[in-house]
$ cat final.txt   # compact mmCIF, C-alpha atoms
# COMPACT_ATOMS: atom_id res chain seq x y z
CA MET A 1 -0.26 -14.94 2.50
CA ASN A 2 -1.55 -15.36 -1.02
CA THR A 3 -1.73 -12.53 -3.55
CA LYS A 4 -5.52 -12.67 -3.77
CA LEU A 5 -5.87 -12.10 -0.02
CA GLU A 6 -3.37 -9.22 -0.19
CA GLU A 7 -5.39 -7.66 -3.02
CA LEU A 8 -8.59 -8.04 -0.98
CA ALA A 9 -6.86 -6.34 1.98
CA SER A 10 -5.91 -3.38 -0.26
CA LEU A 11 -9.44 -3.08 -1.62
CA TYR A 12 -10.87 -3.36 1.91
CA VAL A 13 -8.71 -0.47 3.14
CA LEU A 14 -9.57 1.60 0.05
CA ASP A 15 -13.30 0.91 0.75
CA GLU A 16 -13.72 -0.74 -2.63
CA LEU A 17 -15.33 -4.04 -1.60
CA ASN A 18 -19.07 -4.55 -1.95
CA HIS A 19 -21.11 -5.39 1.16
CA GLN A 20 -20.92 -9.15 0.69
CA GLU A 21 -17.16 -9.12 0.06
CA ARG A 22 -16.64 -6.82 3.04
CA VAL A 23 -18.56 -9.06 5.44
CA ALA A 24 -16.66 -12.14 4.23
CA PHE A 25 -13.33 -10.34 4.57
CA GLU A 26 -14.16 -9.12 8.08
CA GLN A 27 -14.91 -12.72 9.10
CA GLN A 28 -11.39 -13.67 8.01
CA LEU A 29 -9.99 -10.72 9.96
CA GLU A 30 -11.42 -12.16 13.18
CA THR A 31 -9.33 -15.31 12.94
CA ASN A 32 -6.29 -14.39 10.85
CA THR A 33 -3.80 -12.36 12.90
CA GLU A 34 -1.35 -11.96 10.01
CA LEU A 35 -4.15 -10.46 7.91
CA LEU A 36 -5.18 -8.17 10.77
CA ILE A 37 -1.62 -6.83 11.06
CA LEU A 38 -1.47 -6.25 7.31
CA VAL A 39 -4.78 -4.32 7.35
CA LYS A 40 -3.64 -2.12 10.26
CA GLU A 41 -0.41 -1.32 8.39
CA LEU A 42 -2.29 -0.50 5.18
CA GLU A 43 -4.69 1.70 7.16
CA LEU A 44 -1.74 3.59 8.63
CA THR A 45 -0.36 4.03 5.11
CA LEU A 46 -3.70 5.41 3.93
CA GLU A 47 -3.91 7.75 6.94
CA ASP A 48 -0.43 9.07 6.12
CA GLN A 49 -1.64 9.92 2.60
CA ILE A 50 -4.58 11.89 4.00
CA ARG A 51 -2.46 13.73 6.55
CA ASN A 52 0.05 14.54 3.78
CA LEU A 53 -2.53 16.57 1.84
CA PRO A 54 -2.30 20.38 2.02
CA GLN A 55 -3.95 21.00 5.39
CA SER A 56 -6.63 23.66 5.82
CA ALA A 57 -8.59 24.19 9.02
CA ALA A 58 -12.37 24.10 8.67
CA PRO A 59 -14.16 27.39 9.41
CA GLY A 60 -15.40 27.67 13.00
CA ARG A 61 -19.00 27.96 11.85
CA VAL A 62 -18.98 24.28 10.80
CA PHE A 63 -18.73 23.04 14.38
CA GLU A 64 -21.33 25.58 15.54
CA SER A 65 -23.69 24.36 12.85
CA ILE A 66 -23.14 20.72 13.85
CA GLN A 67 -23.74 21.64 17.49
CA GLN A 68 -27.06 23.27 16.65
CA LYS A 69 -28.18 19.99 15.17
CA ILE A 70 -26.96 17.67 17.91
CA VAL A 71 -27.08 19.67 21.16
CA PRO A 72 -30.75 18.89 21.93
CA VAL A 73 -29.82 15.22 21.65
CA ALA A 74 -26.55 15.70 23.53
CA GLN A 75 -28.34 17.32 26.47
CA GLY A 76 -30.71 14.41 26.74
CA THR A 77 -28.03 11.74 26.71
CA SER A 78 -30.48 9.14 27.96
CA SER A 79 -31.99 9.03 24.47
CA LYS A 80 -28.86 7.30 23.24
CA PRO A 81 -28.25 3.72 24.32
CA VAL A 82 -25.50 3.23 26.87
CA ILE A 83 -22.80 1.02 25.44
CA THR A 84 -19.80 -0.50 27.08
CA ILE A 85 -16.46 -1.14 25.49
CA SER A 86 -14.76 -4.41 26.16
CA TRP A 87 -11.01 -4.83 26.55
CA SER A 88 -11.32 -7.77 24.21
CA THR A 89 -12.08 -5.18 21.52
CA PHE A 90 -8.44 -4.21 21.67
CA ALA A 91 -7.05 -7.72 21.86
CA GLY A 92 -6.39 -7.76 18.13
CA TRP A 93 -4.65 -4.41 18.26
CA GLY A 94 -2.57 -5.48 21.23
CA MET A 95 -1.51 -8.61 19.43
CA ALA A 96 -0.75 -6.67 16.26
CA ALA A 97 1.25 -4.02 18.16
CA ALA A 98 3.24 -6.66 20.05
CA LEU A 99 4.08 -8.54 16.86
CA LEU A 100 5.05 -5.33 15.06
CA LEU A 101 7.34 -4.36 17.94
CA GLY A 102 8.88 -7.83 17.90
CA VAL A 103 9.55 -7.68 14.17
CA GLY A 104 11.00 -4.17 14.49
CA LEU A 105 13.31 -5.16 17.36
CA THR A 106 14.45 -8.26 15.49
CA LEU A 107 15.29 -6.19 12.44
CA LEU A 108 17.13 -3.62 14.57
CA LEU A 109 19.14 -6.32 16.34
CA THR A 110 20.01 -8.17 13.15
CA ASN A 111 21.27 -4.91 11.61
CA MET B 1 4.39 10.50 15.18
CA SER B 2 5.92 7.08 15.86
CA SER B 3 3.90 3.94 15.30
CA THR B 4 3.64 3.46 19.07
CA GLU B 5 2.27 6.99 19.48
CA GLN B 6 -0.14 6.39 16.60
CA GLN B 7 -1.27 3.18 18.30
CA GLU B 8 -1.83 5.00 21.61
CA ALA B 9 -3.74 7.77 19.85
CA ALA B 10 -5.92 5.21 18.08
CA ILE B 11 -6.80 3.47 21.35
CA GLU B 12 -7.64 6.82 22.96
CA GLU B 13 -9.80 7.77 19.97
CA ALA B 14 -11.62 4.44 20.10
CA PHE B 15 -12.56 5.21 23.72
CA LEU B 16 -13.63 8.73 22.72
CA LEU B 17 -15.87 7.25 20.03
CA ALA B 18 -17.39 4.89 22.60
CA GLN B 19 -18.17 7.96 24.73
CA VAL B 20 -19.63 9.76 21.72
CA GLY B 21 -21.81 6.70 21.22
CA ASN B 22 -23.18 7.37 24.69
CA GLY B 23 -24.01 10.97 23.72
CA ASP B 24 -20.94 12.61 25.27
CA ASN B 25 -20.62 16.01 23.60
CA GLU B 26 -17.24 16.70 25.23
CA ALA B 27 -15.75 13.57 23.64
CA PHE B 28 -17.34 14.59 20.34
CA ARG B 29 -15.57 17.97 20.55
CA LYS B 30 -12.24 16.19 21.11
CA ILE B 31 -12.79 13.96 18.09
CA TYR B 32 -13.74 17.02 16.05
CA ASP B 33 -10.58 18.84 17.15
CA ARG B 34 -8.42 15.89 16.06
CA TYR B 35 -10.12 14.98 12.81
CA SER B 36 -11.72 18.11 11.35
CA THR B 37 -8.59 19.55 9.69
CA PRO B 38 -7.44 16.39 7.87
CA LEU B 39 -11.02 15.51 6.92
CA TYR B 40 -11.77 19.03 5.67
CA SER B 41 -8.50 18.95 3.70
CA LEU B 42 -9.59 15.65 2.17
CA GLY B 43 -12.93 17.27 1.27
CA MET B 44 -11.14 20.21 -0.33
CA ARG B 45 -9.05 17.82 -2.40
CA MET B 46 -12.02 15.77 -3.55
CA LEU B 47 -14.63 18.53 -4.00
CA ARG B 48 -12.39 21.54 -4.69
CA GLN B 49 -14.93 24.04 -3.33
CA PRO B 50 -14.84 25.29 0.28
CA SER B 51 -18.64 25.41 0.56
CA GLU B 52 -18.95 21.80 -0.65
CA ALA B 53 -16.14 20.65 1.62
CA GLU B 54 -17.80 22.41 4.60
CA GLU B 55 -21.12 20.70 3.94
CA ALA B 56 -19.45 17.33 3.49
CA LEU B 57 -17.56 17.82 6.76
CA GLN B 58 -20.76 18.74 8.56
CA ASP B 59 -22.57 15.68 7.17
CA THR B 60 -19.63 13.48 8.11
CA PHE B 61 -19.57 14.62 11.74
CA LEU B 62 -23.33 14.19 12.03
CA LYS B 63 -22.83 10.62 10.78
CA ILE B 64 -20.01 10.14 13.29
CA TRP B 65 -22.31 11.41 16.06
CA ASN B 66 -25.14 9.12 14.99
CA ASN B 67 -23.04 6.02 14.30
CA ALA B 68 -20.24 6.18 16.88
CA SER B 69 -21.85 3.37 18.89
CA LYS B 70 -21.48 1.11 15.85
CA PHE B 71 -17.74 1.73 15.50
CA ASP B 72 -15.89 -1.56 15.87
CA ALA B 73 -12.21 -1.20 16.74
CA ARG B 74 -11.54 -4.77 15.61
CA LYS B 75 -12.48 -3.87 12.04
CA SER B 76 -10.70 -0.57 11.52
CA ARG B 77 -8.71 2.21 13.10
CA PRO B 78 -10.81 5.17 14.31
CA PHE B 79 -9.34 7.72 11.90
CA THR B 80 -9.60 5.29 8.97
CA TRP B 81 -13.28 4.81 9.87
CA ALA B 82 -13.82 8.59 9.85
CA VAL B 83 -11.92 8.91 6.54
CA THR B 84 -14.17 6.25 5.01
CA ILE B 85 -17.29 8.19 6.07
CA MET B 86 -15.86 11.44 4.66
CA ARG B 87 -14.84 9.80 1.37
CA ARG B 88 -18.27 8.21 0.92
CA THR B 89 -19.93 11.56 1.68
CA CYS B 90 -17.70 13.36 -0.85
CA ILE B 91 -18.31 10.65 -3.48
CA ASP B 92 -22.08 11.07 -3.01
CA ARG B 93 -21.71 14.82 -3.50
CA ILE B 94 -19.52 14.37 -6.60
CA ARG B 95 -22.18 12.09 -8.11
CA LYS B 96 -25.00 14.48 -7.22
CA LEU B 97 -23.08 17.31 -8.85
CA LYS B 98 -22.44 14.97 -11.79
CA ARG B 99 -18.98 16.33 -11.93
CA THR B 100 -16.33 14.64 -13.99
CA PRO B 101 -13.45 13.94 -11.67
CA GLU B 102 -10.45 16.03 -12.59
CA SER B 103 -6.83 15.17 -12.46
CA VAL B 104 -5.54 15.05 -8.94
CA THR B 105 -1.99 15.00 -7.74
CA PHE B 106 -0.15 14.74 -4.47
CA GLU B 107 1.22 18.23 -3.93
CA PRO B 108 3.81 19.45 -1.48
CA THR B 109 2.27 21.51 1.27
CA ASP B 110 3.05 24.82 2.88
CA ASP B 111 1.24 24.78 6.19
CA GLN B 112 3.93 25.92 8.57
CA ASP B 113 2.95 27.36 11.94
CA TRP B 114 5.75 28.69 14.11
CA SER B 115 3.52 30.65 16.53
CA THR B 116 4.12 28.60 19.69
CA PRO B 117 6.64 25.94 20.79
CA GLU B 118 3.93 23.28 20.47
CA LYS B 119 3.11 24.43 16.93
CA VAL B 120 6.81 24.46 16.01
CA ARG B 121 7.11 20.85 17.20
CA GLU B 122 3.89 19.80 15.42
CA THR B 123 5.04 21.53 12.23
CA ALA B 124 8.44 19.87 12.37
CA VAL B 125 6.94 16.41 12.92
CA ARG B 126 4.41 16.97 10.14
CA HIS B 127 7.10 18.08 7.72
CA GLU B 128 9.26 15.10 8.58
CA MET B 129 6.33 12.79 7.88
CA LYS B 130 5.55 14.60 4.61
CA GLU B 131 9.13 14.19 3.46
CA GLN B 132 8.85 10.47 4.15
CA VAL B 133 5.57 10.27 2.24
CA GLN B 134 6.97 12.27 -0.70
CA THR B 135 10.02 10.01 -0.81
CA ALA B 136 7.79 6.94 -0.68
CA LEU B 137 5.67 8.27 -3.54
CA LYS B 138 8.72 8.85 -5.70
CA ASN B 139 9.50 5.14 -5.40
CA ILE B 140 6.17 4.08 -6.89
CA PRO B 141 5.89 3.60 -10.65
CA ASP B 142 3.82 6.39 -12.28
CA LYS B 143 0.96 4.12 -13.30
CA GLN B 144 0.50 2.73 -9.80
CA GLN B 145 0.71 6.22 -8.31
CA ARG B 146 -1.88 7.52 -10.75
CA ALA B 147 -4.27 4.63 -10.01
CA LEU B 148 -3.86 5.20 -6.27
CA GLU B 149 -4.50 8.94 -6.59
CA LEU B 150 -7.67 8.33 -8.57
CA ALA B 151 -8.89 5.66 -6.14
CA LEU B 152 -8.28 7.85 -3.10
CA PHE B 153 -9.34 11.29 -4.23
CA SER B 154 -11.35 11.30 -7.44
CA GLY B 155 -14.48 9.46 -6.37
CA MET B 156 -14.16 7.21 -9.42
CA THR B 157 -15.05 3.53 -9.19
CA HIS B 158 -12.49 0.91 -10.15
CA SER B 159 -14.23 0.41 -13.47
CA GLU B 160 -14.10 4.16 -14.14
CA ILE B 161 -10.41 4.21 -13.24
CA ALA B 162 -9.81 1.27 -15.58
CA ASN B 163 -11.59 3.19 -18.37
CA ALA B 164 -9.71 6.41 -17.63
CA LEU B 165 -6.37 4.62 -17.67
CA GLU B 166 -7.41 2.39 -20.59
CA GLN B 167 -6.47 -0.76 -18.68
CA PRO B 168 -8.32 -3.97 -17.76
CA LEU B 169 -9.99 -3.90 -14.33
CA GLY B 170 -7.73 -6.67 -13.04
CA THR B 171 -4.64 -4.67 -13.95
CA VAL B 172 -5.93 -1.62 -12.09
CA LYS B 173 -6.70 -3.69 -8.98
CA SER B 174 -3.22 -5.14 -9.15
CA TRP B 175 -1.65 -1.66 -9.51
CA LEU B 176 -3.64 -0.42 -6.48
CA LYS B 177 -2.45 -3.34 -4.40
CA ARG B 178 1.16 -2.97 -5.48
CA GLY B 179 1.13 0.83 -5.01
CA LEU B 180 -0.34 0.61 -1.51
CA PHE B 181 2.03 -2.21 -0.53
CA GLN B 182 5.04 -0.30 -1.77
CA LEU B 183 4.02 2.80 0.21
CA ARG B 184 3.48 0.64 3.26
CA THR B 185 6.90 -0.98 2.90
CA THR B 186 8.61 2.40 2.65
CA LEU B 187 6.62 4.10 5.40
CA THR B 188 6.58 1.31 7.99
CA LYS B 189 10.09 -0.11 7.73
CA PRO B 190 12.02 0.59 10.95
CA ALA B 191 14.67 3.32 10.89
CA VAL B 192 18.19 1.93 11.37

$ encode --input "final.txt" --output "structure tokens"
Amino acid sequence: MNTKLEELASLYVLDELNHQERVAFEQQLETNTELLILVKELELTLEDQIRNLPQSAAPGRVFESIQQKIVPVAQGTSSKPVITISWSTFAGWGMAAALLLGVGLTLLLTN
Amino acid sequence: MSSTEQQEAAIEEAFLLAQVGNGDNEAFRKIYDRYSTPLYSLGMRMLRQPSEAEEALQDTFLKIWNNASKFDARKSRPFTWAVTIMRRTCIDRIRKLKRTPESVTFEPTDDQDWSTPEKVRETAVRHEMKEQVQTALKNIPDKQQRALELALFSGMTHSEIANALEQPLGTVKSWLKRGLFQLRTTLTKPAV
């Protein structure tokens, strides 16, 4: 993978691409499995940074306040469109997970 | 949490978000329970005031409620998606407050909870992960670490970071890429 694409992947994960760049990058993600794996790994790295911050629980009143704003909508669930989730949505993840496991096992066996 | 467990959690959360997209308040509660603490902690780091962090968290979860049906698991992991919403919300608030971003650093934490066996296990796992992250951070050159900190937590644009660090924009982008890649290499390499 070229350096430019790796840099784009970093900026994508850091949410630093403009709309046009983001759309173009996401088109590449749909067809480039190696790039998809890289993005998932960088996202995990970013998530680790967030979870490594000093953790403080939000006050209970925050959820109550959110509920007051959404409960009328939540009770009338028909107002929201019913969507279905396709297994194909996870095909990329499945592929990425399988490849990661394969690489990990190979490294373990070679060591 | 192992990468397999993280993968399983992400798939479960993607389904929860699909349910939230259908107006399922129970699923929304589960997502809130999983994400509110790390997102609020991110808000505290970026905004530094509990009242601001609370409002940002509230706005973020309203956006999650309203946009869950648009979440696309092919494009990002569920928690990363939520983090992006929270960061954008915090950045908007920073700009409204016209606050100059201050210096931010990765600090060691002291959030131990030994009250129940489950909490003891969670605390131990969290501390193990934090040690790994701290070790990974020590391996990054200072400049790259500084650029990454500013990009993640200050709300500054790349151009602002380049100005703050007195470096060309291209250099800053390169540091961000190298810093993130180095963290990824350290954090994702298999234990032997």

$ closest_residue --input "final.txt" --among "A:Asn18, A:Asn32, A:Ser10, A:Gln67" --to "chain B" --atoms "only C-alpha atoms"
A:Ser10

$ residues_near_point --input "final.txt" --point "(0.6, 3.6, -9.9)" --cutoff "12 Å" --atoms "all atoms listed in the file" --output "ChimeraX atom specification"
/B:105,137-152,161,165,171-183

$ closest_residue --input "final.txt" --among "B:Arg74, B:Lys63, B:Lys98, B:Arg48" --to "chain A" --atoms "all atoms listed in the file"
B:Arg74

$ residues_around --input "final.txt" --residues "Asn66 in chain B" --least-positions-apart "3" --cutoff "12 Å" --atoms "all atoms listed in the file" --output "list in words"
Ile66, Lys69, Ile70, Val73, Ala74, Ser79, Lys80 and Pro81 of chain A; Leu17, Ala18, Val20, Gly21, Asn22, Gly23, Asp24, Asn25, Phe28, Asp59, Thr60, Phe61, Leu62, Lys63, Ser69, Lys70, Phe71 and Ile85 of chain B

$ write_last_selection --input "final.txt" --atoms "C-alpha atoms" --output "tab-separated table (two decimals), in the frame of the given file"
chain	number	residue	atom	x	y	z
A	66	ILE	CA	-23.14	20.72	13.85
A	69	LYS	CA	-28.18	19.99	15.17
A	70	ILE	CA	-26.96	17.67	17.91
A	73	VAL	CA	-29.82	15.22	21.65
A	74	ALA	CA	-26.55	15.70	23.53
A	79	SER	CA	-31.99	9.03	24.47
A	80	LYS	CA	-28.86	7.30	23.24
A	81	PRO	CA	-28.25	3.72	24.32
B	17	LEU	CA	-15.87	7.25	20.03
B	18	ALA	CA	-17.39	4.89	22.60
B	20	VAL	CA	-19.63	9.76	21.72
B	21	GLY	CA	-21.81	6.70	21.22
B	22	ASN	CA	-23.18	7.37	24.69
B	23	GLY	CA	-24.01	10.97	23.72
B	24	ASP	CA	-20.94	12.61	25.27
B	25	ASN	CA	-20.62	16.01	23.60
B	28	PHE	CA	-17.34	14.59	20.34
B	59	ASP	CA	-22.57	15.68	7.17
B	60	THR	CA	-19.63	13.48	8.11
B	61	PHE	CA	-19.57	14.62	11.74
B	62	LEU	CA	-23.33	14.19	12.03
B	63	LYS	CA	-22.83	10.62	10.78
B	69	SER	CA	-21.85	3.37	18.89
B	70	LYS	CA	-21.48	1.11	15.85
B	71	PHE	CA	-17.74	1.73	15.50
B	85	ILE	CA	-17.29	8.19	6.07

$ closest_residue --input "final.txt" --among "A:Gln55, A:Gln68, A:Thr33, A:Gln27" --to "Gly43 in chain B" --atoms "all atoms listed in the file"
A:Gln55

$ closest_residue --input "final.txt" --among "B:Met86, B:Gly170, B:Ser76, B:Ile11" --to "Ala9 in chain A" --atoms "all atoms listed in the file"
B:Ser76

$ atom_distance --input "final.txt" --atom1 "CA of Leu38 in chain A" --atom2 "CA of Ala82 in chain B"
19.5 Å

$ atom_distance --input "final.txt" --atom1 "CA of Tyr40 in chain B" --atom2 "CA of Arg88 in chain B"
13.5 Å
